[in-house]
Amino acid sequence: MKVRIVTLGCKLNFAESSALMNELIRRGYERAKQGEQADIVIVNTCTVTDTADQKDRQAIHRVRRENPNAKIVVTGCYARLHPREIADMVEVDRVAKKREDVFQPAYSKDDRTRCFLKVQDGCNYFCTYCAIPYARGRSRNPSIRSVCEQAMTALNEGAKEIVLTGVNIGDFGRTTGERFIDLLQALDTLPYDDTYRLRIGSVEPNLLSYEIIDLVAQSKHIAPHFHIPLQSGSDEVLRIMNRHYDTALFRERVAYIRKVLPYAFIGVDCMVGVRGETTERWEQYVEFIQSLQVSQLHVFTYSERAGTRMLTMDLPVIPMTERHRRSQVLHGISEDKLQAFYALCSDMPQTVLWEGKNDHGVMYGFSENYIRHSRPFDKNRINTFEQISAQCK
Ligand code: SF4
């Protein structure tokens with residue numbers, strides 16, 4: 001039986017699809033090669049926004065066109081939250097909607113260079129706009145020991161960079177009573193040679209302690225790369241969203257990173273157009289973002305998620321055209337910030353991990369502070385580090 005898994009959404013989904021494929025292979029299934037008809041296609045879905053739901057449905061239509069005789073099974077966050085919608089699609093044979101409340105370990109093995117290692121799942125924060133806690137359940141994690149064992153396996157299999165993934169990874173420790181900082185310290189001192197690199201996924205600002213930032217500053221392995229969800233630059237909107245911090249805390253964290261790691265990449269998640277984001281609050285948001293010395297914004301346009309608390313709140317609704325306009329404004333600011341960051345790093349020596357070829361046949365890779373570099377393709381350089389003297393691309 002030949003199986004294919006089509007994955008949408010975040011790095012966590014990719015890690016879980018990889019673990020699922022490995023389990024299926026262990027049970028005697030075969031991975032369908034590119035262009036080959038599969039007997040079973042599993043679609044692992046995302047439901048973070050309306051656009052994600054649309055992409056899931058498009059992927060299911062495409063999978064059916066390309067594999068007319070396959071059994072199509074749909075799993076993931078969209079399937080867990082909206083099983084009926086998926087089951088009603090004529091293309092779908094089965095919906096796997098069960099939500100696990102135990103931690104299911106996973107790491108991606110498909111990419112030889114980078115390994116996405118799942119260190120946490122679920123979330124207890126219940127931000128008022130977010131449906132993820134309903135899809136993925138409560139926060140849980142494996143032990144530090146088992147994460148380190150998986151990391152060692154990935155390194156021994158050839159991975160050079162391990163990216164820590166989860167839903168709310170700074171919340172690591174709910175199950176085991178351990179701390180996220182202790183996990184980072186253990187991963188920073190693995191009994192392996194000095195060449196591996198660690199990258200921390202998104203950490204909530206209130207959980208990104210000075211201790212963690214100091215550890216990254218002193219570490220040989222942890223990349224100076226922070227991904228911090230801000231979501232709004234208005235304190236009123238942060239309260240409406242039930243976020244666990246205010247803009248002052250966010251500003252302090254960014255300033256501290258810049259003090260101890262002036263060349264660190266700081267990516268910031270920004271949501272636009274949530275209910276209650278009045279013109280005045282939006283203007284405060286833009287002003288706040290402009291004043292922050294961050295490297296890039298990841299912009300998300302708010303879309304109503306069934307079952308979330310924001311829908312029950314008596315708040316002004318921002319029209320969709322205005323949400324898109326605000327998104328464009330933040331995209332513009334993001335581009336300026338990225339160029340400023342590249343200019344700041346232009347004289348700085350960097351270590352690039354070469355990954356592979358892009359669609360134009362050019363080799364690409366990323367530096368420790370997440371600057372994308374390119375060079376003419378050389379297959380011998382795949383999965384190797386190279387010290388280079390700047391040249392931002
Ligand atoms: S922290 Fe908030 S936005 Fe992130 S997954 Fe949890 S509830 Fe959703």
# chains A, B, ... in the order shown; residues from 1 in each chain; ligands from 1
call {"tool": "residues_near_ligand", "arguments": {"ligand": "ligand 1", "cutoff": "12 Å", "atoms": "only C-alpha atoms and all ligand atoms", "output": "ChimeraX atom specification"}}
result
/A:10,12,47-49,77,120-139,166-171,202-207,228-232,238,241-245,269-271,300,302,305,308-310
call {"tool": "residues_around", "arguments": {"residues": "Ile72 in chain A", "least_positions_apart": "5", "cutoff": "9 Å", "atoms": "only C-alpha atoms", "output": "ChimeraX atom specification"}}
result
/A:39-43,60,63-64,67,91-95
call {"tool": "write_last_selection", "arguments": {"atoms": "N, CA and C atoms", "output": "PDB file, in the first residue's frame"}}
result
ATOM      1  N   ASP A  39      -2.274   4.905  -2.768  1.00  0.00           N
ATOM      2  CA  ASP A  39      -3.497   4.180  -2.397  1.00  0.00           C
ATOM      3  C   ASP A  39      -4.227   4.925  -1.278  1.00  0.00           C
ATOM      4  N   ILE A  40      -3.431   5.560  -0.425  1.00  0.00           N
ATOM      5  CA  ILE A  40      -4.024   6.344   0.664  1.00  0.00           C
ATOM      6  C   ILE A  40      -3.339   7.702   0.685  1.00  0.00           C
ATOM      7  N   VAL A  41      -4.133   8.767   0.763  1.00  0.00           N
ATOM      8  CA  VAL A  41      -3.536  10.098   0.956  1.00  0.00           C
ATOM      9  C   VAL A  41      -4.105  10.668   2.251  1.00  0.00           C
ATOM     10  N   ILE A  42      -3.198  11.068   3.142  1.00  0.00           N
ATOM     11  CA  ILE A  42      -3.615  11.696   4.400  1.00  0.00           C
ATOM     12  C   ILE A  42      -3.367  13.193   4.265  1.00  0.00           C
ATOM     13  N   VAL A  43      -4.395  13.987   4.529  1.00  0.00           N
ATOM     14  CA  VAL A  43      -4.235  15.445   4.472  1.00  0.00           C
ATOM     15  C   VAL A  43      -4.241  15.958   5.918  1.00  0.00           C
ATOM     16  N   ILE A  60      -7.561  19.361  -0.523  1.00  0.00           N
ATOM     17  CA  ILE A  60      -8.342  18.116  -0.619  1.00  0.00           C
ATOM     18  C   ILE A  60      -8.863  17.930  -2.052  1.00  0.00           C
ATOM     19  N   VAL A  63      -5.860  16.891  -4.200  1.00  0.00           N
ATOM     20  CA  VAL A  63      -5.441  15.513  -3.905  1.00  0.00           C
ATOM     21  C   VAL A  63      -6.373  14.528  -4.618  1.00  0.00           C
ATOM     22  N   ARG A  64      -7.673  14.823  -4.609  1.00  0.00           N
ATOM     23  CA  ARG A  64      -8.627  13.914  -5.278  1.00  0.00           C
ATOM     24  C   ARG A  64      -8.396  13.889  -6.784  1.00  0.00           C
ATOM     25  N   ASN A  67      -5.223  11.887  -7.412  1.00  0.00           N
ATOM     26  CA  ASN A  67      -5.253  10.487  -6.966  1.00  0.00           C
ATOM     27  C   ASN A  67      -6.687   9.983  -7.004  1.00  0.00           C
ATOM     28  N   GLU A  91     -15.035  14.356  -1.722  1.00  0.00           N
ATOM     29  CA  GLU A  91     -13.706  13.783  -1.965  1.00  0.00           C
ATOM     30  C   GLU A  91     -13.196  12.949  -0.789  1.00  0.00           C
ATOM     31  N   VAL A  92     -13.776  13.194   0.411  1.00  0.00           N
ATOM     32  CA  VAL A  92     -13.171  12.645   1.635  1.00  0.00           C
ATOM     33  C   VAL A  92     -13.786  11.291   1.994  1.00  0.00           C
ATOM     34  N   ASP A  93     -12.913  10.316   2.297  1.00  0.00           N
ATOM     35  CA  ASP A  93     -13.393   8.993   2.713  1.00  0.00           C
ATOM     36  C   ASP A  93     -13.488   8.870   4.227  1.00  0.00           C
ATOM     37  N   ARG A  94     -12.554   9.542   4.930  1.00  0.00           N
ATOM     38  CA  ARG A  94     -12.557   9.387   6.388  1.00  0.00           C
ATOM     39  C   ARG A  94     -12.006  10.625   7.078  1.00  0.00           C
ATOM     40  N   VAL A  95     -12.588  10.950   8.225  1.00  0.00           N
ATOM     41  CA  VAL A  95     -12.080  12.073   9.015  1.00  0.00           C
ATOM     42  C   VAL A  95     -11.509  11.495  10.306  1.00  0.00           C
TER      43      VAL A  95
END
call {"tool": "select_by_dssp", "arguments": {"residues": "range 142-268 of chain A", "states": "helix (DSSP H, G or I)", "output": "PyMOL selection string"}}
result
chain A and resi 144-156+169-171+180-188+205-207+210-218+235-240+247-260
call {"tool": "closest_residue", "arguments": {"among": "A:Cys115, A:Ile200, A:Ile86, A:Met1", "to": "Lys71 in chain A", "atoms": "only C-alpha atoms"}}
result
A:Met1
call {"tool": "residues_around", "arguments": {"residues": "range 320-326 of chain A", "least_positions_apart": "3", "cutoff": "7 Å", "atoms": "only C-alpha atoms", "output": "list in words"}}
result
Val272, Gly273, Thr301, Val329 and Leu330 of chain A
call {"tool": "write_last_selection", "arguments": {"atoms": "C-alpha atoms", "output": "compact mmCIF listing (two decimals), in the first residue's frame"}}
result
# COMPACT_ATOMS: atom_id res chain seq x y z
CA VAL A 272 -4.69 42.98 12.41
CA GLY A 273 -8.39 43.71 12.36
CA THR A 301 -5.44 39.11 9.22
CA VAL A 329 0.37 48.77 6.16
CA LEU A 330 2.15 46.28 8.42
call {"tool": "select_by_dssp", "arguments": {"residues": "range 182-327 of chain A", "states": "strand (DSSP E or B)", "output": "PyMOL selection string"}}
result
chain A and resi 197-200+222+225-231+265-272+296-301
call {"tool": "write_last_selection", "arguments": {"atoms": "N, CA and C atoms", "output": "compact mmCIF listing (two decimals), in the first residue's frame"}}
result
# COMPACT_ATOMS: atom_id res chain seq x y z
N ARG A 197 23.38 23.14 15.58
CA ARG A 197 22.75 24.43 15.88
C ARG A 197 21.32 24.19 16.38
N LEU A 198 20.90 25.01 17.33
CA LEU A 198 19.52 24.94 17.83
C LEU A 198 18.83 26.24 17.51
N ARG A 199 17.56 26.15 17.16
CA ARG A 199 16.79 27.36 16.91
C ARG A 199 15.50 27.24 17.74
N ILE A 200 15.17 28.30 18.45
CA ILE A 200 13.98 28.26 19.31
C ILE A 200 12.79 28.79 18.51
N ILE A 222 22.75 27.79 20.47
CA ILE A 222 21.41 28.36 20.26
C ILE A 222 21.53 29.61 19.39
N HIS A 225 18.12 34.09 17.39
CA HIS A 225 16.91 34.25 16.58
C HIS A 225 15.71 34.11 17.52
N PHE A 226 14.92 35.14 17.63
CA PHE A 226 13.74 35.11 18.50
C PHE A 226 12.49 35.32 17.65
N HIS A 227 11.48 34.56 17.98
CA HIS A 227 10.19 34.70 17.31
C HIS A 227 9.19 34.98 18.45
N ILE A 228 8.68 36.21 18.49
CA ILE A 228 7.86 36.61 19.64
C ILE A 228 6.49 37.10 19.15
N PRO A 229 5.41 36.47 19.61
CA PRO A 229 4.08 36.96 19.20
C PRO A 229 3.71 38.23 19.96
N LEU A 230 3.44 39.30 19.23
CA LEU A 230 2.97 40.55 19.85
C LEU A 230 1.44 40.62 19.73
N GLN A 231 0.96 40.45 18.53
CA GLN A 231 -0.48 40.42 18.18
C GLN A 231 -1.16 41.78 18.16
N PHE A 265 18.15 38.18 15.16
CA PHE A 265 16.93 38.33 14.34
C PHE A 265 15.75 38.29 15.31
N ILE A 266 14.88 39.27 15.20
CA ILE A 266 13.66 39.26 16.02
C ILE A 266 12.45 39.33 15.09
N GLY A 267 11.75 38.21 14.97
CA GLY A 267 10.52 38.15 14.16
C GLY A 267 9.33 38.30 15.10
N VAL A 268 8.34 39.07 14.68
CA VAL A 268 7.21 39.38 15.56
C VAL A 268 5.89 39.05 14.87
N ASP A 269 5.04 38.26 15.53
CA ASP A 269 3.71 37.97 14.98
C ASP A 269 2.78 39.14 15.27
N CYS A 270 2.08 39.60 14.25
CA CYS A 270 1.16 40.73 14.41
C CYS A 270 -0.19 40.35 13.80
N MET A 271 -1.24 40.51 14.58
CA MET A 271 -2.58 40.27 14.04
C MET A 271 -3.22 41.62 13.75
N VAL A 272 -4.00 41.70 12.69
CA VAL A 272 -4.69 42.98 12.41
C VAL A 272 -6.19 42.73 12.25
N GLN A 296 11.51 41.68 11.50
CA GLN A 296 10.47 41.34 10.52
C GLN A 296 9.14 41.13 11.24
N LEU A 297 8.04 41.41 10.54
CA LEU A 297 6.72 41.16 11.11
C LEU A 297 6.07 40.00 10.34
N HIS A 298 5.43 39.11 11.06
CA HIS A 298 4.63 38.06 10.42
C HIS A 298 3.18 38.50 10.63
N VAL A 299 2.55 38.91 9.55
CA VAL A 299 1.25 39.58 9.68
C VAL A 299 0.11 38.59 9.41
N PHE A 300 -0.88 38.57 10.31
CA PHE A 300 -2.05 37.72 10.16
C PHE A 300 -3.30 38.59 10.18
N THR A 301 -4.17 38.37 9.23
CA THR A 301 -5.44 39.11 9.22
C THR A 301 -6.45 38.32 10.05
call {"tool": "residues_around", "arguments": {"residues": "range 275-289 of chain A", "least_positions_apart": "6", "cutoff": "8 Å", "atoms": "only C-alpha atoms", "output": "compact mmCIF listing (two decimals) with N, CA and C atoms, in the first residue's frame"}}
result
# COMPACT_ATOMS: atom_id res chain seq x y z
N SER A 232 -0.83 42.67 19.10
CA SER A 232 -1.35 44.05 18.98
C SER A 232 -0.41 45.00 19.72
N GLY A 233 -0.36 46.23 19.25
CA GLY A 233 0.45 47.25 19.92
C GLY A 233 -0.41 48.21 20.72
N SER A 234 -1.64 47.80 21.04
CA SER A 234 -2.53 48.62 21.89
C SER A 234 -2.82 47.81 23.16
N GLU A 236 -5.21 48.14 25.26
CA GLU A 236 -6.64 47.78 25.37
C GLU A 236 -6.93 46.54 24.54
N VAL A 237 -6.38 46.51 23.34
CA VAL A 237 -6.64 45.34 22.48
C VAL A 237 -5.98 44.09 23.07
N ILE A 240 -8.35 42.81 25.53
CA ILE A 240 -9.50 42.17 24.87
C ILE A 240 -9.10 40.76 24.39
N MET A 310 -14.09 35.77 21.56
CA MET A 310 -14.21 37.10 20.96
C MET A 310 -15.58 37.29 20.27
N LEU A 315 -18.21 44.14 20.74
CA LEU A 315 -17.09 44.96 20.27
C LEU A 315 -17.33 45.36 18.81
N PRO A 316 -16.79 46.53 18.40
CA PRO A 316 -16.94 46.89 16.99
C PRO A 316 -16.21 45.91 16.07
N VAL A 317 -16.88 45.55 14.96
CA VAL A 317 -16.31 44.62 13.99
C VAL A 317 -15.61 45.44 12.90
N ILE A 318 -14.40 45.09 12.57
CA ILE A 318 -13.66 45.84 11.54
C ILE A 318 -13.99 45.22 10.17
N LEU A 330 1.12 46.98 7.64
CA LEU A 330 2.15 46.28 8.42
C LEU A 330 3.15 45.55 7.52
call {"tool": "closest_residue", "arguments": {"among": "A:Ile213, A:Val102, A:Ile333, A:Ile371", "to": "Thr351 in chain A", "atoms": "only C-alpha atoms"}}
result
A:Ile371
call {"tool": "residues_around", "arguments": {"residues": "Arg179 in chain A", "least_positions_apart": "3", "cutoff": "12 Å", "atoms": "only C-alpha atoms", "output": "ChimeraX atom specification"}}
result
/A:119-120,141-144,169-176,182-186,207-209,211-212
call {"tool": "write_last_selection", "arguments": {"atoms": "N, CA and C atoms", "output": "PDB file, in the first residue's frame"}}
result
ATOM      1  N   VAL A 119       8.507  19.760  21.113  1.00  0.00           N
ATOM      2  CA  VAL A 119       8.853  19.688  22.533  1.00  0.00           C
ATOM      3  C   VAL A 119       7.651  19.987  23.432  1.00  0.00           C
ATOM      4  N   GLN A 120       6.528  20.351  22.812  1.00  0.00           N
ATOM      5  CA  GLN A 120       5.362  20.738  23.622  1.00  0.00           C
ATOM      6  C   GLN A 120       4.154  20.684  22.708  1.00  0.00           C
ATOM      7  N   ASN A 141       3.871  18.195  27.735  1.00  0.00           N
ATOM      8  CA  ASN A 141       5.227  18.077  27.204  1.00  0.00           C
ATOM      9  C   ASN A 141       5.863  16.752  27.613  1.00  0.00           C
ATOM     10  N   PRO A 142       6.889  16.332  26.897  1.00  0.00           N
ATOM     11  CA  PRO A 142       7.651  15.146  27.312  1.00  0.00           C
ATOM     12  C   PRO A 142       8.722  15.590  28.321  1.00  0.00           C
ATOM     13  N   SER A 143       9.514  14.646  28.818  1.00  0.00           N
ATOM     14  CA  SER A 143      10.582  15.020  29.755  1.00  0.00           C
ATOM     15  C   SER A 143      11.775  15.595  28.995  1.00  0.00           C
ATOM     16  N   ILE A 144      12.598  16.341  29.697  1.00  0.00           N
ATOM     17  CA  ILE A 144      13.815  16.881  29.088  1.00  0.00           C
ATOM     18  C   ILE A 144      14.661  15.722  28.563  1.00  0.00           C
ATOM     19  N   ILE A 169       5.691  26.878  23.346  1.00  0.00           N
ATOM     20  CA  ILE A 169       6.840  26.109  23.867  1.00  0.00           C
ATOM     21  C   ILE A 169       7.432  26.704  25.148  1.00  0.00           C
ATOM     22  N   GLY A 170       7.240  28.007  25.353  1.00  0.00           N
ATOM     23  CA  GLY A 170       7.742  28.611  26.591  1.00  0.00           C
ATOM     24  C   GLY A 170       7.020  28.054  27.814  1.00  0.00           C
ATOM     25  N   ASP A 171       5.868  27.441  27.580  1.00  0.00           N
ATOM     26  CA  ASP A 171       5.055  26.863  28.650  1.00  0.00           C
ATOM     27  C   ASP A 171       5.507  25.429  28.979  1.00  0.00           C
ATOM     28  N   PHE A 172       6.609  25.011  28.379  1.00  0.00           N
ATOM     29  CA  PHE A 172       7.169  23.676  28.624  1.00  0.00           C
ATOM     30  C   PHE A 172       7.268  23.428  30.134  1.00  0.00           C
ATOM     31  N   GLY A 173       6.878  22.227  30.554  1.00  0.00           N
ATOM     32  CA  GLY A 173       7.047  21.861  31.965  1.00  0.00           C
ATOM     33  C   GLY A 173       5.757  21.584  32.703  1.00  0.00           C
ATOM     34  N   ARG A 174       4.611  21.890  32.086  1.00  0.00           N
ATOM     35  CA  ARG A 174       3.322  21.664  32.778  1.00  0.00           C
ATOM     36  C   ARG A 174       3.168  20.202  33.190  1.00  0.00           C
ATOM     37  N   THR A 175       3.636  19.270  32.330  1.00  0.00           N
ATOM     38  CA  THR A 175       3.446  17.853  32.617  1.00  0.00           C
ATOM     39  C   THR A 175       4.504  17.340  33.574  1.00  0.00           C
ATOM     40  N   THR A 176       5.733  17.810  33.412  1.00  0.00           N
ATOM     41  CA  THR A 176       6.848  17.177  34.114  1.00  0.00           C
ATOM     42  C   THR A 176       7.385  18.013  35.268  1.00  0.00           C
ATOM     43  N   ASP A 182      15.689  24.961  31.581  1.00  0.00           N
ATOM     44  CA  ASP A 182      16.474  23.743  31.825  1.00  0.00           C
ATOM     45  C   ASP A 182      16.525  22.875  30.564  1.00  0.00           C
ATOM     46  N   LEU A 183      15.426  22.876  29.819  1.00  0.00           N
ATOM     47  CA  LEU A 183      15.431  22.146  28.545  1.00  0.00           C
ATOM     48  C   LEU A 183      16.488  22.753  27.614  1.00  0.00           C
ATOM     49  N   LEU A 184      16.501  24.089  27.534  1.00  0.00           N
ATOM     50  CA  LEU A 184      17.475  24.745  26.637  1.00  0.00           C
ATOM     51  C   LEU A 184      18.902  24.454  27.085  1.00  0.00           C
ATOM     52  N   GLN A 185      19.126  24.487  28.405  1.00  0.00           N
ATOM     53  CA  GLN A 185      20.479  24.207  28.903  1.00  0.00           C
ATOM     54  C   GLN A 185      20.904  22.779  28.563  1.00  0.00           C
ATOM     55  N   ALA A 186      19.972  21.845  28.708  1.00  0.00           N
ATOM     56  CA  ALA A 186      20.303  20.436  28.407  1.00  0.00           C
ATOM     57  C   ALA A 186      20.599  20.273  26.912  1.00  0.00           C
ATOM     58  N   LEU A 207       6.872  34.729  28.700  1.00  0.00           N
ATOM     59  CA  LEU A 207       7.635  33.530  29.056  1.00  0.00           C
ATOM     60  C   LEU A 207       9.092  33.624  28.591  1.00  0.00           C
ATOM     61  N   LEU A 208       9.382  34.660  27.826  1.00  0.00           N
ATOM     62  CA  LEU A 208      10.751  34.853  27.330  1.00  0.00           C
ATOM     63  C   LEU A 208      11.525  35.641  28.398  1.00  0.00           C
ATOM     64  N   SER A 209      12.069  34.906  29.374  1.00  0.00           N
ATOM     65  CA  SER A 209      12.694  35.562  30.525  1.00  0.00           C
ATOM     66  C   SER A 209      14.070  36.114  30.164  1.00  0.00           C
ATOM     67  N   GLU A 211      16.638  35.400  31.753  1.00  0.00           N
ATOM     68  CA  GLU A 211      17.516  34.229  31.911  1.00  0.00           C
ATOM     69  C   GLU A 211      17.659  33.485  30.564  1.00  0.00           C
ATOM     70  N   ILE A 212      16.540  33.349  29.854  1.00  0.00           N
ATOM     71  CA  ILE A 212      16.588  32.669  28.552  1.00  0.00           C
ATOM     72  C   ILE A 212      17.398  33.507  27.564  1.00  0.00           C
TER      73      ILE A 212
END
call {"tool": "closest_residue", "arguments": {"among": "A:Lys97, A:Ala248, A:Ser18, A:Gln218", "to": "Arg31 in chain A", "atoms": "only C-alpha atoms"}}
result
A:Ser18
call {"tool": "closest_residue", "arguments": {"among": "A:Arg65, A:Lys160, A:Lys2, A:Lys220", "to": "Gly28 in chain A", "atoms": "only C-alpha atoms"}}
result
A:Lys2
call {"tool": "atom_distance", "arguments": {"atom1": "CA of Pro83 in chain A", "atom2": "CA of Ile5 in chain A"}}
result
18.6 Å
call {"tool": "closest_residue", "arguments": {"among": "A:Thr75, A:Thr384, A:Thr153, A:Thr247", "to": "Ala106 in chain A", "atoms": "only C-alpha atoms"}}
result
A:Thr153
call {"tool": "closest_residue", "arguments": {"among": "A:Asn383, A:Asn44, A:Gln328, A:Asn369", "to": "His221 in chain A", "atoms": "only C-alpha atoms"}}
result
A:Asn369
